[in-house]
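Chemist: Dropping in query-v1.pdb, with PDB, C-alpha atoms, pLDDT in the B column.
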ATOM      1  CA  GLN A 145      18.269   5.154  -6.824  1.00 86.00           C
ATOM      2  CA  LEU A 146      15.449   4.388  -4.427  1.00 89.00           C
ATOM      3  CA  GLN A 147      14.106   0.852  -4.389  1.00 93.00           C
ATOM      4  CA  LEU A 148      11.033  -0.224  -2.464  1.00 96.00           C
ATOM      5  CA  VAL A 149      10.728  -3.535  -0.642  1.00 96.00           C
ATOM      6  CA  GLU A 150       7.424  -4.845   0.685  1.00 97.00           C
ATOM      7  CA  SER A 151       7.129  -7.376   3.483  1.00 97.00           C
ATOM      8  CA  GLY A 152       4.589  -8.731   5.913  1.00 98.00           C
ATOM      9  CA  GLY A 153       2.291 -10.663   3.638  1.00 97.00           C
ATOM     10  CA  GLY A 154       1.053 -14.131   4.417  1.00 97.00           C
ATOM     11  CA  LEU A 155      -1.926 -16.385   4.957  1.00 98.00           C
ATOM     12  CA  VAL A 156      -4.564 -15.235   7.429  1.00 98.00           C
ATOM     13  CA  GLN A 157      -8.077 -16.330   8.293  1.00 98.00           C
ATOM     14  CA  PRO A 158     -11.058 -14.096   7.550  1.00 98.00           C
ATOM     15  CA  GLY A 159     -11.374 -11.485  10.269  1.00 98.00           C
ATOM     16  CA  GLY A 160      -7.659 -11.586  10.976  1.00 98.00           C
ATOM     17  CA  SER A 161      -5.007  -8.906  10.698  1.00 98.00           C
ATOM     18  CA  LEU A 162      -1.725  -8.302   8.918  1.00 98.00           C
ATOM     19  CA  THR A 163       0.682  -5.393   8.797  1.00 98.00           C
ATOM     20  CA  LEU A 164       2.520  -4.736   5.569  1.00 98.00           C
ATOM     21  CA  SER A 165       5.711  -2.697   5.458  1.00 98.00           C
ATOM     22  CA  CYS A 166       7.219  -0.727   2.597  1.00 97.00           C
ATOM     23  CA  ALA A 167      10.891  -0.054   3.207  1.00 96.00           C
ATOM     24  CA  GLY A 168      13.302   2.059   1.263  1.00 92.00           C
ATOM     25  CA  SER A 169      16.423   0.390  -0.111  1.00 87.00           C
ATOM     26  CA  LYS A 170      19.296   2.400  -1.614  1.00 84.00           C
ATOM     27  CA  GLY A 171      17.320   5.445  -0.512  1.00 85.00           C
ATOM     28  CA  THR A 172      14.648   6.586   1.885  1.00 87.00           C
ATOM     29  CA  VAL A 173      10.867   6.709   1.853  1.00 89.00           C
ATOM     30  CA  ASN A 174      10.978   9.565   4.374  1.00 90.00           C
ATOM     31  CA  GLY A 175       9.329  12.556   2.781  1.00 89.00           C
ATOM     32  CA  ALA A 176       8.066  10.565  -0.215  1.00 93.00           C
ATOM     33  CA  ALA A 177       4.381  10.233  -0.935  1.00 95.00           C
ATOM     34  CA  ILE A 178       3.618   6.521  -0.962  1.00 97.00           C
ATOM     35  CA  GLY A 179       0.691   4.518  -2.235  1.00 97.00           C
ATOM     36  CA  TRP A 180      -0.362   0.922  -1.678  1.00 98.00           C
ATOM     37  CA  PHE A 181      -1.917  -1.003  -4.538  1.00 98.00           C
ATOM     38  CA  ARG A 182      -3.102  -4.570  -4.935  1.00 98.00           C
ATOM     39  CA  GLN A 183      -3.715  -6.931  -7.795  1.00 98.00           C
ATOM     40  CA  ALA A 184      -5.750 -10.106  -7.611  1.00 96.00           C
ATOM     41  CA  PRO A 185      -5.496 -12.840 -10.262  1.00 92.00           C
ATOM     42  CA  GLY A 186      -7.357 -11.865 -13.397  1.00 94.00           C
ATOM     43  CA  LYS A 187      -8.093  -8.359 -12.113  1.00 95.00           C
ATOM     44  CA  GLU A 188      -6.652  -4.932 -12.742  1.00 95.00           C
ATOM     45  CA  ARG A 189      -4.323  -3.270 -10.278  1.00 96.00           C
ATOM     46  CA  GLU A 190      -6.341  -1.368  -7.676  1.00 96.00           C
ATOM     47  CA  GLY A 191      -5.293   1.561  -5.532  1.00 97.00           C
ATOM     48  CA  VAL A 192      -5.756   0.834  -1.824  1.00 98.00           C
ATOM     49  CA  SER A 193      -4.309   3.652   0.251  1.00 98.00           C
ATOM     50  CA  TYR A 194      -2.095   6.739   0.076  1.00 97.00           C
ATOM     51  CA  ILE A 195      -0.064   8.806   2.490  1.00 96.00           C
ATOM     52  CA  SER A 196       1.515  12.167   1.772  1.00 94.00           C
ATOM     53  CA  GLY A 197       5.202  12.892   2.259  1.00 92.00           C
ATOM     54  CA  LEU A 198       4.678  14.438   5.694  1.00 91.00           C
ATOM     55  CA  GLY A 199       1.946  12.016   6.674  1.00 91.00           C
ATOM     56  CA  SER A 200      -0.630  14.749   7.042  1.00 93.00           C
ATOM     57  CA  VAL A 201      -2.889  13.459   4.258  1.00 94.00           C
ATOM     58  CA  THR A 202      -4.148   9.907   3.945  1.00 96.00           C
ATOM     59  CA  TYR A 203      -6.625   8.325   1.590  1.00 96.00           C
ATOM     60  CA  TYR A 204      -8.359   4.950   1.405  1.00 97.00           C
ATOM     61  CA  THR A 205     -10.376   3.284  -1.271  1.00 97.00           C
ATOM     62  CA  THR A 206     -13.940   2.722  -0.141  1.00 97.00           C
ATOM     63  CA  SER A 207     -13.675  -1.055   0.254  1.00 97.00           C
ATOM     64  CA  VAL A 208     -10.925  -0.808   2.911  1.00 98.00           C
ATOM     65  CA  GLU A 209     -11.898   2.390   4.715  1.00 97.00           C
ATOM     66  CA  GLY A 210     -12.324   1.751   8.418  1.00 97.00           C
ATOM     67  CA  ARG A 211     -10.387  -1.534   8.223  1.00 98.00           C
ATOM     68  CA  PHE A 212      -6.954  -0.461   6.928  1.00 98.00           C
ATOM     69  CA  THR A 213      -4.639   2.195   8.363  1.00 98.00           C
ATOM     70  CA  ILE A 214      -1.633   3.657   6.588  1.00 98.00           C
ATOM     71  CA  SER A 215       1.178   5.271   8.581  1.00 97.00           C
ATOM     72  CA  ARG A 216       4.790   6.390   8.378  1.00 96.00           C
ATOM     73  CA  ASP A 217       7.681   5.541  10.674  1.00 92.00           C
ATOM     74  CA  ASN A 218      10.521   7.846   9.730  1.00 86.00           C
ATOM     75  CA  ALA A 219      12.851   6.399  12.359  1.00 88.00           C
ATOM     76  CA  GLU A 220      12.635   3.010  10.635  1.00 89.00           C
ATOM     77  CA  ASN A 221      12.322   4.368   7.088  1.00 92.00           C
ATOM     78  CA  VAL A 222       9.087   2.491   6.420  1.00 96.00           C
ATOM     79  CA  VAL A 223       5.483   3.064   5.491  1.00 97.00           C
ATOM     80  CA  ARG A 224       3.074   0.554   7.015  1.00 98.00           C
ATOM     81  CA  LEU A 225      -0.360  -0.671   6.072  1.00 98.00           C
ATOM     82  CA  GLN A 226      -2.226  -2.131   9.037  1.00 98.00           C
ATOM     83  CA  MET A 227      -4.993  -4.382   7.733  1.00 98.00           C
ATOM     84  CA  ASN A 228      -7.744  -5.501  10.107  1.00 98.00           C
ATOM     85  CA  SER A 229     -10.956  -7.460   9.613  1.00 98.00           C
ATOM     86  CA  LEU A 230      -9.536  -9.044   6.506  1.00 98.00           C
ATOM     87  CA  ARG A 231     -11.897 -10.596   3.985  1.00 98.00           C
ATOM     88  CA  PRO A 232     -11.334 -13.187   1.267  1.00 97.00           C
ATOM     89  CA  GLU A 233     -11.763 -10.426  -1.321  1.00 97.00           C
ATOM     90  CA  ASP A 234      -8.657  -8.719   0.110  1.00 98.00           C
ATOM     91  CA  THR A 235      -6.573 -11.570  -1.293  1.00 98.00           C
ATOM     92  CA  ALA A 236      -4.054 -10.121  -3.741  1.00 98.00           C
ATOM     93  CA  VAL A 237      -0.434  -9.205  -4.280  1.00 98.00           C
ATOM     94  CA  TYR A 238       0.142  -5.900  -2.526  1.00 98.00           C
ATOM     95  CA  PHE A 239       2.577  -3.342  -3.918  1.00 98.00           C
ATOM     96  CA  CYS A 240       3.869  -0.048  -2.602  1.00 98.00           C
ATOM     97  CA  ALA A 241       4.993   2.732  -4.901  1.00 97.00           C
ATOM     98  CA  ARG A 242       6.338   6.261  -4.786  1.00 96.00           C
ATOM     99  CA  LYS A 243       4.110   9.026  -6.094  1.00 95.00           C
ATOM    100  CA  VAL A 244       5.886  11.718  -8.086  1.00 92.00           C
ATOM    101  CA  TYR A 245       3.143  13.321 -10.201  1.00 86.00           C
ATOM    102  CA  GLY A 246      -0.312  14.700  -9.692  1.00 81.00           C
ATOM    103  CA  GLY A 247      -2.047  16.032  -6.624  1.00 79.00           C
ATOM    104  CA  ILE A 248      -4.198  14.608  -3.881  1.00 79.00           C
ATOM    105  CA  VAL A 249      -7.569  14.901  -5.579  1.00 82.00           C
ATOM    106  CA  ASP A 250      -7.084  11.468  -7.150  1.00 87.00           C
ATOM    107  CA  PRO A 251      -4.012  10.189  -5.327  1.00 93.00           C
ATOM    108  CA  LEU A 252      -4.064   6.557  -6.497  1.00 94.00           C
ATOM    109  CA  ARG A 253      -3.569   6.829 -10.245  1.00 93.00           C
ATOM    110  CA  PRO A 254      -0.851   4.284 -11.090  1.00 92.00           C
ATOM    111  CA  SER A 255       0.568   6.554 -13.807  1.00 93.00           C
ATOM    112  CA  ASP A 256       1.530   9.083 -11.095  1.00 94.00           C
ATOM    113  CA  TYR A 257       3.955   6.589  -9.506  1.00 95.00           C
ATOM    114  CA  ASP A 258       7.474   5.960 -10.716  1.00 92.00           C
ATOM    115  CA  THR A 259       9.027   3.392  -8.393  1.00 94.00           C
ATOM    116  CA  TRP A 260       7.355   0.116  -7.478  1.00 96.00           C
ATOM    117  CA  GLY A 261       8.239  -2.714  -5.135  1.00 96.00           C
ATOM    118  CA  GLN A 262       8.125  -6.381  -6.082  1.00 96.00           C
ATOM    119  CA  GLY A 263       4.966  -7.064  -4.108  1.00 97.00           C
ATOM    120  CA  THR A 264       3.966  -9.277  -1.200  1.00 98.00           C
ATOM    121  CA  GLN A 265       1.217 -11.891  -1.298  1.00 98.00           C
ATOM    122  CA  VAL A 266      -1.739 -11.603   1.054  1.00 98.00           C
ATOM    123  CA  THR A 267      -4.108 -14.562   1.178  1.00 98.00           C
ATOM    124  CA  VAL A 268      -7.260 -14.475   3.273  1.00 98.00           C
ATOM    125  CA  SER A 269      -8.755 -17.919   3.567  1.00 97.00           C
ATOM    126  CA  SER A 270     -10.099 -20.347   6.123  1.00 95.00           C
TER     127      SER A 270
END
The structure in this file should be written as structure tokens.
Modeler:
Amino acid sequence: QLQLVESGGGLVQPGGSLTLSCAGSKGTVNGAAIGWFRQAPGKEREGVSYISGLGSVTYYTTSVEGRFTISRDNAENVVRLQMNSLRPEDTAVYFCARKVYGGIVDPLRPSDYDTWGQGTQVTVSS
């Protein structure tokens, strides 16, 4: 059964960059629609970005559009989230998940995802 493993989090100064990776364990993310979510302390989980199984469709929540880029690397069996121009409000635990229900009209509904990683902490602070 597919498991998802996130990596790449850390501490970065405002304006800096990080690249998160979502790797498949005991299975592959190749061909799977994947979403990135984040959850800050005391806040609800928020959808950040989505990529379709073939990589032809991507989606970003408004607050990260133009700063974050989602991509697939089938050779390495990972989905990446490149995060640039990071802000303190981007601080959160970031999760990736596999989407199995619904369409692409509202691609970041958590209930449409069935497999979640354990998360990786991103802290943006000077």
Chemist: Using CA of Ala241 (chain A) and CA of Tyr257 (chain A) as the two end points, give the distance in Å to one decimal.
Modeler: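 Result for CA of Ala241 (chain A) versus CA of Tyr257 (chain A): 6.1 Å, one decimal.
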Chemist: Work out how far CA of Lys243 (chain A) is from CA of Gly152 (chain A), in Å to one decimal.
Modeler: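 A separation of 21.4 Å between them.
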Chemist: Find, counting only C-alpha atoms, the residue in A:Ala236, A:Val208, A:Val173, A:Leu162 that gets nearest to Val149 (chain A).
Modeler: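 Looking only at the distances to Val149 (chain A), the closest residue turns out to be A:Val173.
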Chemist: Please enclose the listed atoms of region 171-183 of chain A in an axis-aligned box, pad each side by 3 Å, and write out the centre and the three edge lengths in Å, rounded to one decimal, as lines of an AutoDock Vina configuration file.
Modeler:
center_x = 6.8
center_y = 2.8
center_z = -1.7
size_x = 27.0
size_y = 25.5
size_z = 18.2
Chemist: Evaluate the PyMOL selection byres ((chain A and resi 196) around 8) on the structure here and hand back the selected residues as a ChimeraX atom specification.
Modeler: /A:175-178,194-195,197-202
Chemist: Go ahead and dump the residues you just picked, C-alpha atoms, as a PDB file, keeping the file's coordinate frame.
Modeler:
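result26.pdb, freshly written:
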ATOM      1  CA  GLY A 175       9.329  12.556   2.781  1.00 89.00           C
ATOM      2  CA  ALA A 176       8.066  10.565  -0.215  1.00 93.00           C
ATOM      3  CA  ALA A 177       4.381  10.233  -0.935  1.00 95.00           C
ATOM      4  CA  ILE A 178       3.618   6.521  -0.962  1.00 97.00           C
ATOM      5  CA  TYR A 194      -2.095   6.739   0.076  1.00 97.00           C
ATOM      6  CA  ILE A 195      -0.064   8.806   2.490  1.00 96.00           C
ATOM      7  CA  GLY A 197       5.202  12.892   2.259  1.00 92.00           C
ATOM      8  CA  LEU A 198       4.678  14.438   5.694  1.00 91.00           C
ATOM      9  CA  GLY A 199       1.946  12.016   6.674  1.00 91.00           C
ATOM     10  CA  SER A 200      -0.630  14.749   7.042  1.00 93.00           C
ATOM     11  CA  VAL A 201      -2.889  13.459   4.258  1.00 94.00           C
ATOM     12  CA  THR A 202      -4.148   9.907   3.945  1.00 96.00           C
TER      13      THR A 202
END
Chemist: Return region 176-206 of chain A, completed with N, CA and C atoms, as a JSON list (two decimals), in the frame of the given file.
Modeler:
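Output contents, as saved in out.json:
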[["chain", "number", "residue", "atom", "x", "y", "z"],
["A", 176, "ALA", "N", 8.66, 10.96, 1.07],
["A", 176, "ALA", "CA", 8.07, 10.56, -0.22],
["A", 176, "ALA", "C", 6.60, 10.21, -0.02],
["A", 177, "ALA", "N", 5.78, 10.66, -0.94],
["A", 177, "ALA", "CA", 4.38, 10.23, -0.94],
["A", 177, "ALA", "C", 4.32, 8.79, -1.44],
["A", 178, "ILE", "N", 3.63, 7.95, -0.68],
["A", 178, "ILE", "CA", 3.62, 6.52, -0.96],
["A", 178, "ILE", "C", 2.18, 6.03, -1.11],
["A", 179, "GLY", "N", 1.99, 5.16, -2.07],
["A", 179, "GLY", "CA", 0.69, 4.52, -2.24],
["A", 179, "GLY", "C", 0.83, 3.01, -2.13],
["A", 180, "TRP", "N", -0.25, 2.38, -1.68],
["A", 180, "TRP", "CA", -0.36, 0.92, -1.68],
["A", 180, "TRP", "C", -1.40, 0.54, -2.73],
["A", 181, "PHE", "N", -1.04, -0.47, -3.51],
["A", 181, "PHE", "CA", -1.92, -1.00, -4.54],
["A", 181, "PHE", "C", -2.02, -2.51, -4.34],
["A", 182, "ARG", "N", -3.00, -3.12, -4.98],
["A", 182, "ARG", "CA", -3.10, -4.57, -4.93],
["A", 182, "ARG", "C", -3.62, -5.08, -6.28],
["A", 183, "GLN", "N", -3.26, -6.31, -6.56],
["A", 183, "GLN", "CA", -3.72, -6.93, -7.80],
["A", 183, "GLN", "C", -4.04, -8.39, -7.53],
["A", 184, "ALA", "N", -5.29, -8.73, -7.75],
["A", 184, "ALA", "CA", -5.75, -10.11, -7.61],
["A", 184, "ALA", "C", -5.67, -10.79, -8.98],
["A", 185, "PRO", "N", -5.58, -12.12, -8.99],
["A", 185, "PRO", "CA", -5.50, -12.84, -10.26],
["A", 185, "PRO", "C", -6.66, -12.50, -11.18],
["A", 186, "GLY", "N", -6.33, -12.16, -12.41],
["A", 186, "GLY", "CA", -7.36, -11.86, -13.40],
["A", 186, "GLY", "C", -8.01, -10.51, -13.26],
["A", 187, "LYS", "N", -7.50, -9.69, -12.32],
["A", 187, "LYS", "CA", -8.09, -8.36, -12.11],
["A", 187, "LYS", "C", -7.06, -7.28, -12.34],
["A", 188, "GLU", "N", -7.54, -6.07, -12.56],
["A", 188, "GLU", "CA", -6.65, -4.93, -12.74],
["A", 188, "GLU", "C", -6.06, -4.50, -11.40],
["A", 189, "ARG", "N", -4.93, -3.81, -11.48],
["A", 189, "ARG", "CA", -4.32, -3.27, -10.28],
["A", 189, "ARG", "C", -5.25, -2.21, -9.69],
["A", 190, "GLU", "N", -5.41, -2.25, -8.39],
["A", 190, "GLU", "CA", -6.34, -1.37, -7.68],
["A", 190, "GLU", "C", -5.60, -0.56, -6.62],
["A", 191, "GLY", "N", -5.86, 0.73, -6.58],
["A", 191, "GLY", "CA", -5.29, 1.56, -5.53],
["A", 191, "GLY", "C", -5.99, 1.30, -4.21],
["A", 192, "VAL", "N", -5.22, 1.17, -3.14],
["A", 192, "VAL", "CA", -5.76, 0.83, -1.82],
["A", 192, "VAL", "C", -5.67, 2.01, -0.85],
["A", 193, "SER", "N", -4.49, 2.60, -0.74],
["A", 193, "SER", "CA", -4.31, 3.65, 0.25],
["A", 193, "SER", "C", -3.13, 4.52, -0.14],
["A", 194, "TYR", "N", -3.12, 5.73, 0.39],
["A", 194, "TYR", "CA", -2.10, 6.74, 0.08],
["A", 194, "TYR", "C", -1.77, 7.52, 1.33],
["A", 195, "ILE", "N", -0.48, 7.90, 1.42],
["A", 195, "ILE", "CA", -0.06, 8.81, 2.49],
["A", 195, "ILE", "C", 0.88, 9.83, 1.90],
["A", 196, "SER", "N", 0.69, 11.09, 2.28],
["A", 196, "SER", "CA", 1.52, 12.17, 1.77],
["A", 196, "SER", "C", 2.91, 12.11, 2.38],
["A", 197, "GLY", "N", 3.82, 12.92, 1.83],
["A", 197, "GLY", "CA", 5.20, 12.89, 2.26],
["A", 197, "GLY", "C", 5.39, 13.21, 3.73],
["A", 198, "LEU", "N", 4.57, 14.08, 4.28],
["A", 198, "LEU", "CA", 4.68, 14.44, 5.69],
["A", 198, "LEU", "C", 3.71, 13.63, 6.56],
["A", 199, "GLY", "N", 2.89, 12.83, 5.91],
["A", 199, "GLY", "CA", 1.95, 12.02, 6.67],
["A", 199, "GLY", "C", 0.69, 12.74, 7.07],
["A", 200, "SER", "N", 0.52, 13.95, 6.61],
["A", 200, "SER", "CA", -0.63, 14.75, 7.04],
["A", 200, "SER", "C", -1.90, 14.43, 6.26],
["A", 201, "VAL", "N", -1.74, 13.80, 5.10],
["A", 201, "VAL", "CA", -2.89, 13.46, 4.26],
["A", 201, "VAL", "C", -2.88, 11.96, 4.00],
["A", 202, "THR", "N", -3.99, 11.33, 4.26],
["A", 202, "THR", "CA", -4.15, 9.91, 3.94],
["A", 202, "THR", "C", -5.43, 9.71, 3.16],
["A", 203, "TYR", "N", -5.47, 8.62, 2.43],
["A", 203, "TYR", "CA", -6.62, 8.32, 1.59],
["A", 203, "TYR", "C", -6.79, 6.82, 1.52],
["A", 204, "TYR", "N", -8.06, 6.37, 1.50],
["A", 204, "TYR", "CA", -8.36, 4.95, 1.40],
["A", 204, "TYR", "C", -9.44, 4.72, 0.36],
["A", 205, "THR", "N", -9.28, 3.65, -0.39],
["A", 205, "THR", "CA", -10.38, 3.28, -1.27],
["A", 205, "THR", "C", -11.55, 2.81, -0.41],
["A", 206, "THR", "N", -12.73, 2.95, -0.93],
["A", 206, "THR", "CA", -13.94, 2.72, -0.14],
["A", 206, "THR", "C", -13.98, 1.33, 0.49]]
